[in-house]
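One structure is given below, encoded as structure tokens.
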Amino acid sequence: MLFSTLDDSDNFFRRYAKQQGFGIVKAGGAHKLANGKTTNERCNCTWKCESGGKPDSRVRPTGRLLNEVSDKGVLMANRKTKKVGCPVMLHAKLTKEGEWQIRSVVLEHKNHELVPSIS
């Protein structure tokens with residue numbers, strides 16, 4: 001599948017994700033090099049499900065208020081996380097012709113439920 005701009009590919013995947021009931025985040029990408037220096041123009045981009053990645057495993061004291069200062073520094077309350085290691089992703093790359101081509105895609109959510117009613 002080809003798109004004329006990065007924004008077109010971004011909008012396409014965001015609309016698809018909303019219809020299916022999950023959120024996405026732009027997880028990474030690279031910029032073009034010109035004369036050995038990085039430019040502002042992207043040459044590839046990766047989007048992932050917002051539930052992708054590892055949950056925050058830092059141990060926090062329970063029952064504390066956010067930003068409470070103690071002798072150990074700033075304490076934070078435990079927070080819920082959406083991160084469950086979901087493998088859903090889409091990777092697009094800029095072709096020599098200047099179009100954005102989808103190179104790889106994983107659309108199977110393995111460890112969380114979708115919520116299509118939010119769309």
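Please note that chains go A, B, ... in the order of the structure tokens, that every chain numbers its residues from 1, and that ligands are numbered from 1 in the order shown.
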
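If you count only C-alpha atoms and ignore residues fewer than 6 places along the chain from segment 90-97 of chain A, what sits within 9 Å of it is Thr5, Leu6, Ser9, Phe13, Gly29, Arg42, Cys43, Asn44, Cys45, Thr46, Trp47, Lys48, Arg103, Ser104, Val105, Val106 and Leu107 of chain A.
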
*Report the distance between atom CA of Leu114 of chain A and atom CA of Trp100 of chain A in Å, rounded to one decimal place.*
27.6 Å

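Interatomic distance, atom CA of Pro87 of chain A to atom CA of Glu41 of chain A: 27.0 Å.
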
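Minimum atom-to-atom distances from A:Ile102, A:Val115, A:Leu33, A:Cys49 to Cys86 of chain A were compared using only C-alpha atoms, and the lowest value belongs to A:Cys49.
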
*Between atom CA of Gly98 of chain A and atom CA of Val25 of chain A - distance in Å to one decimal*: 23.4 Å

_Let me make sure I understand: among A:Lys82, A:Lys37, A:Lys54, A:Lys110, which one has the smallest atom-to-atom distance to Gly23 of chain A if we use only C-alpha atoms?_
A:Lys82
